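**Student:** Structure below; questions to follow.
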Amino acid sequence: MSQSVPPPGNPFAQGAAGPAPMPPAPPVPPAPSRVGLGLVAAVVAALVAGGVYGGVAGAIEREIGWAAVGVGFLVGFAAGKAGGRNPVLPVVSAVLSLGAVYVGQLVALAIIGGKELGVSATTLFVDHFDVLTQAWKEDLDPLTFLFFALAAFAAFSGSKKAAA
């Protein structure tokens, strides 16, 4: 008659104690702080994206909502890629994107006003900045605030996603 249950133990071990346990993994060193680099990247991206946004809006003589989203995303993406996961960068990116959209709108007004008045947009922007801001205030509507909100949201989320 045969056994229905195998005998206890490992028949192939031949007295071996088994494999040695693995040592624990070494701790992961903390990532270096690159907040300064992230801030510089965000400022540069805000200046460039705001200028391009204003140039495009001035050339076609209208604002485009998705372009404001693009401005915000570029600012946030640059900050997140260069600066990493620091929790300050998404907030700073959102604030800088607001400034970039504002400057872009002023650049667009300077381009449009320069065409109508027969002066250069640079002259209008530098020498008559007060006139531009007054024209911007008179042109405010709910869409302007929507563009600001979209840009800030895109910057915040873009910074978080780029750092992941």
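Going through the structure tokens in order, the chains are called A, B, and so on, while each chain numbers its residues from 1 and the ligands are numbered from 1 in the order shown.
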Would you mind listing what lies within 12 Å of Val43 of chain A as an mmCIF file with all heavy atoms, in the first residue's frame, with only C-alpha atoms counted and same-chain residues fewer than 5 positions away left out?
**Tutor:**
```cif
data_model
loop_
_atom_site.group_PDB
_atom_site.id
_atom_site.type_symbol
_atom_site.label_atom_id
_atom_site.label_comp_id
_atom_site.auth_asym_id
_atom_site.auth_seq_id
_atom_site.Cartn_x
_atom_site.Cartn_y
_atom_site.Cartn_z
ATOM 1 N N GLY A 36 15.019 76.832 -7.003
ATOM 2 C CA GLY A 36 15.525 78.010 -7.717
ATOM 3 C C GLY A 36 15.493 77.810 -9.222
ATOM 4 O O GLY A 36 15.064 78.697 -9.968
ATOM 5 N N LEU A 37 15.916 76.649 -9.671
ATOM 6 C CA LEU A 37 15.898 76.349 -11.100
ATOM 7 C C LEU A 37 14.463 76.311 -11.629
ATOM 8 O O LEU A 37 14.175 76.807 -12.718
ATOM 9 C CB LEU A 37 16.604 75.021 -11.358
ATOM 10 C CG LEU A 37 16.779 74.600 -12.812
ATOM 11 C CD1 LEU A 37 17.606 75.632 -13.563
ATOM 12 C CD2 LEU A 37 17.427 73.235 -12.881
ATOM 13 N N GLY A 38 13.551 75.762 -10.844
ATOM 14 C CA GLY A 38 12.153 75.728 -11.238
ATOM 15 C C GLY A 38 11.547 77.111 -11.338
ATOM 16 O O GLY A 38 10.773 77.402 -12.252
ATOM 17 N N VAL A 48 8.117 84.335 -22.156
ATOM 18 C CA VAL A 48 8.043 83.894 -23.551
ATOM 19 C C VAL A 48 6.600 83.584 -23.947
ATOM 20 O O VAL A 48 6.104 84.053 -24.983
ATOM 21 C CB VAL A 48 8.956 82.668 -23.788
ATOM 22 C CG1 VAL A 48 8.726 82.072 -25.163
ATOM 23 C CG2 VAL A 48 10.419 83.066 -23.620
ATOM 24 N N ALA A 49 5.912 82.805 -23.119
ATOM 25 C CA ALA A 49 4.538 82.416 -23.456
ATOM 26 C C ALA A 49 3.607 83.627 -23.462
ATOM 27 O O ALA A 49 2.726 83.727 -24.323
ATOM 28 C CB ALA A 49 4.037 81.369 -22.472
ATOM 29 N N GLY A 50 3.790 84.549 -22.533
ATOM 30 C CA GLY A 50 2.967 85.765 -22.524
ATOM 31 C C GLY A 50 3.193 86.611 -23.759
ATOM 32 O O GLY A 50 2.242 87.154 -24.336
ATOM 33 N N VAL A 71 -0.591 78.881 -22.260
ATOM 34 C CA VAL A 71 0.348 79.714 -21.494
ATOM 35 C C VAL A 71 0.512 79.134 -20.097
ATOM 36 O O VAL A 71 1.630 78.930 -19.614
ATOM 37 C CB VAL A 71 -0.134 81.184 -21.427
ATOM 38 C CG1 VAL A 71 0.651 81.972 -20.408
ATOM 39 C CG2 VAL A 71 -0.046 81.836 -22.783
ATOM 40 N N GLY A 72 -0.601 78.858 -19.439
ATOM 41 C CA GLY A 72 -0.530 78.306 -18.089
ATOM 42 C C GLY A 72 0.171 76.967 -18.042
ATOM 43 O O GLY A 72 1.013 76.722 -17.179
ATOM 44 N N LEU A 74 2.385 75.736 -20.142
ATOM 45 C CA LEU A 74 3.825 75.869 -20.394
ATOM 46 C C LEU A 74 4.575 76.371 -19.171
ATOM 47 O O LEU A 74 5.668 75.892 -18.858
ATOM 48 C CB LEU A 74 4.065 76.807 -21.578
ATOM 49 C CG LEU A 74 3.786 76.222 -22.950
ATOM 50 C CD1 LEU A 74 3.919 77.296 -24.022
ATOM 51 C CD2 LEU A 74 4.720 75.068 -23.242
ATOM 52 N N VAL A 75 3.994 77.332 -18.477
ATOM 53 C CA VAL A 75 4.637 77.856 -17.271
ATOM 54 C C VAL A 75 4.739 76.749 -16.217
ATOM 55 O O VAL A 75 5.800 76.533 -15.622
ATOM 56 C CB VAL A 75 3.868 79.079 -16.730
ATOM 57 C CG1 VAL A 75 4.417 79.515 -15.378
ATOM 58 C CG2 VAL A 75 3.934 80.225 -17.718
ATOM 59 N N GLY A 76 3.649 76.043 -15.992
ATOM 60 C CA GLY A 76 3.662 74.972 -15.006
ATOM 61 C C GLY A 76 4.565 73.815 -15.394
ATOM 62 O O GLY A 76 5.290 73.271 -14.563
ATOM 63 N N PHE A 77 4.542 73.454 -16.660
ATOM 64 C CA PHE A 77 5.373 72.355 -17.134
ATOM 65 C C PHE A 77 6.853 72.682 -16.958
ATOM 66 O O PHE A 77 7.629 71.843 -16.495
ATOM 67 C CB PHE A 77 5.059 72.064 -18.597
ATOM 68 C CG PHE A 77 5.763 70.862 -19.137
ATOM 69 C CD1 PHE A 77 5.283 69.593 -18.878
ATOM 70 C CD2 PHE A 77 6.903 70.990 -19.909
ATOM 71 C CE1 PHE A 77 5.923 68.470 -19.370
ATOM 72 C CE2 PHE A 77 7.559 69.880 -20.400
ATOM 73 C CZ PHE A 77 7.067 68.616 -20.129
ATOM 74 N N ALA A 78 7.238 73.897 -17.308
ATOM 75 C CA ALA A 78 8.647 74.300 -17.155
ATOM 76 C C ALA A 78 9.060 74.273 -15.693
ATOM 77 O O ALA A 78 10.151 73.784 -15.354
ATOM 78 C CB ALA A 78 8.857 75.691 -17.748
ATOM 79 N N ALA A 79 8.207 74.768 -14.822
ATOM 80 C CA ALA A 79 8.536 74.780 -13.391
ATOM 81 C C ALA A 79 8.638 73.366 -12.842
ATOM 82 O O ALA A 79 9.564 73.055 -12.086
ATOM 83 C CB ALA A 79 7.481 75.564 -12.626
ATOM 84 N N ALA A 82 11.825 71.465 -14.349
ATOM 85 C CA ALA A 82 13.107 71.974 -13.852
ATOM 86 C C ALA A 82 13.216 71.910 -12.336
ATOM 87 O O ALA A 82 14.296 71.698 -11.801
ATOM 88 C CB ALA A 82 13.309 73.417 -14.326
ATOM 89 N N LEU A 89 6.159 75.215 -6.164
ATOM 90 C CA LEU A 89 6.186 75.468 -7.605
ATOM 91 C C LEU A 89 4.810 75.511 -8.278
ATOM 92 O O LEU A 89 4.591 76.387 -9.124
ATOM 93 C CB LEU A 89 7.101 74.454 -8.292
ATOM 94 C CG LEU A 89 8.580 74.612 -7.948
ATOM 95 C CD1 LEU A 89 9.399 73.508 -8.582
ATOM 96 C CD2 LEU A 89 9.084 75.966 -8.370
ATOM 97 N N VAL A 92 3.360 79.002 -7.373
ATOM 98 C CA VAL A 92 4.093 80.078 -8.053
ATOM 99 C C VAL A 92 3.797 80.043 -9.555
ATOM 100 O O VAL A 92 3.646 81.097 -10.188
ATOM 101 C CB VAL A 92 5.609 79.969 -7.767
ATOM 102 C CG1 VAL A 92 6.406 80.923 -8.621
ATOM 103 C CG2 VAL A 92 5.886 80.231 -6.298
ATOM 104 N N SER A 93 3.685 78.853 -10.120
ATOM 105 C CA SER A 93 3.364 78.722 -11.542
ATOM 106 C C SER A 93 2.000 79.329 -11.851
ATOM 107 O O SER A 93 1.829 80.008 -12.874
ATOM 108 C CB SER A 93 3.356 77.257 -11.960
ATOM 109 O OG SER A 93 4.622 76.696 -11.793
ATOM 110 N N ALA A 94 1.037 79.084 -10.984
ATOM 111 C CA ALA A 94 -0.302 79.638 -11.196
ATOM 112 C C ALA A 94 -0.269 81.166 -11.164
ATOM 113 O O ALA A 94 -0.872 81.829 -12.013
ATOM 114 C CB ALA A 94 -1.266 79.096 -10.147
ATOM 115 N N VAL A 95 0.463 81.721 -10.206
ATOM 116 C CA VAL A 95 0.556 83.188 -10.106
ATOM 117 C C VAL A 95 1.286 83.767 -11.319
ATOM 118 O O VAL A 95 0.846 84.773 -11.899
ATOM 119 C CB VAL A 95 1.259 83.584 -8.789
ATOM 120 C CG1 VAL A 95 1.544 85.073 -8.750
ATOM 121 C CG2 VAL A 95 0.408 83.176 -7.592
ATOM 122 N N LEU A 96 2.374 83.128 -11.721
ATOM 123 C CA LEU A 96 3.114 83.620 -12.887
ATOM 124 C C LEU A 96 2.299 83.507 -14.170
ATOM 125 O O LEU A 96 2.418 84.350 -15.061
ATOM 126 C CB LEU A 96 4.437 82.865 -13.036
ATOM 127 C CG LEU A 96 5.527 83.245 -12.041
ATOM 128 C CD1 LEU A 96 6.720 82.303 -12.183
ATOM 129 C CD2 LEU A 96 5.963 84.676 -12.211
ATOM 130 N N SER A 97 1.478 82.485 -14.263
ATOM 131 C CA SER A 97 0.646 82.361 -15.465
ATOM 132 C C SER A 97 -0.396 83.470 -15.523
ATOM 133 O O SER A 97 -0.742 83.942 -16.615
ATOM 134 C CB SER A 97 -0.023 80.989 -15.521
ATOM 135 O OG SER A 97 -1.033 80.887 -14.550
ATOM 136 N N LEU A 98 -0.893 83.910 -14.379
ATOM 137 C CA LEU A 98 -1.812 85.058 -14.360
ATOM 138 C C LEU A 98 -1.117 86.296 -14.900
ATOM 139 O O LEU A 98 -1.678 87.045 -15.709
ATOM 140 C CB LEU A 98 -2.318 85.314 -12.943
ATOM 141 C CG LEU A 98 -3.200 84.237 -12.325
ATOM 142 C CD1 LEU A 98 -3.516 84.582 -10.875
ATOM 143 C CD2 LEU A 98 -4.459 84.052 -13.117
ATOM 144 N N GLY A 99 0.113 86.514 -14.450
ATOM 145 C CA GLY A 99 0.882 87.650 -14.956
ATOM 146 C C GLY A 99 1.190 87.534 -16.436
ATOM 147 O O GLY A 99 1.145 88.522 -17.167
ATOM 148 N N ALA A 100 1.472 86.320 -16.894
ATOM 149 C CA ALA A 100 1.789 86.119 -18.307
ATOM 150 C C ALA A 100 0.574 86.401 -19.186
ATOM 151 O O ALA A 100 0.705 87.029 -20.248
ATOM 152 C CB ALA A 100 2.283 84.692 -18.538
#
```
**Student:** Please report as a tab-separated table every residue of segment 9-123 of chain A lying within 9 Å of segment 128-146 of chain A, along with the nearest atom pair and their distance in Å (one decimal), using only C-alpha atoms.
**Tutor:**
```
residue	atom	partner	partner_atom	distance
A:Glu63	CA	A:Thr144	CA	9.0
A:Gly65	CA	A:Leu146	CA	8.2
A:Gln105	CA	A:Trp136	CA	7.8
A:Leu106	CA	A:Leu132	CA	6.5
A:Val107	CA	A:Leu132	CA	8.9
A:Leu109	CA	A:Leu132	CA	6.8
A:Ala110	CA	A:Leu132	CA	6.9
A:Gly113	CA	A:Leu132	CA	8.7
A:Thr123	CA	A:His128	CA	7.3
```
**Student:** Excluding Pro87 of chain A and any residue of its chain fewer than 3 positions from it, enumerate the residues within 10 Å of it, using only C-alpha atoms, and give them as a ChimeraX atom specification.
**Tutor:** /A:35,80,83-84,90-92,159-160
**Student:** Can you list, as a ChimeraX atom specification, all residues belonging to chain A that DSSP tags as alpha helix (DSSP H)?
**Tutor:** /A:35-60,65-83,88-117,121-127,129-138,142-163
**Student:** I'd like to know which of A:Pro27, A:Gly70, A:Gly104, A:Gly118 is closest to Ala151 of chain A, using only C-alpha atoms.
**Tutor:**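 Checking each candidate against Ala151 of chain A, we get A:Gly70 as the closest.
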**Student:** Might you pull out every residue within 7 Å of Gly58 of chain A, with only C-alpha atoms counted and same-chain residues fewer than 6 positions away left off, and present them as a list in words?
**Tutor:**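 The contact residues come out as Ala108, Leu109, Ile111 and Ile112 of chain A.
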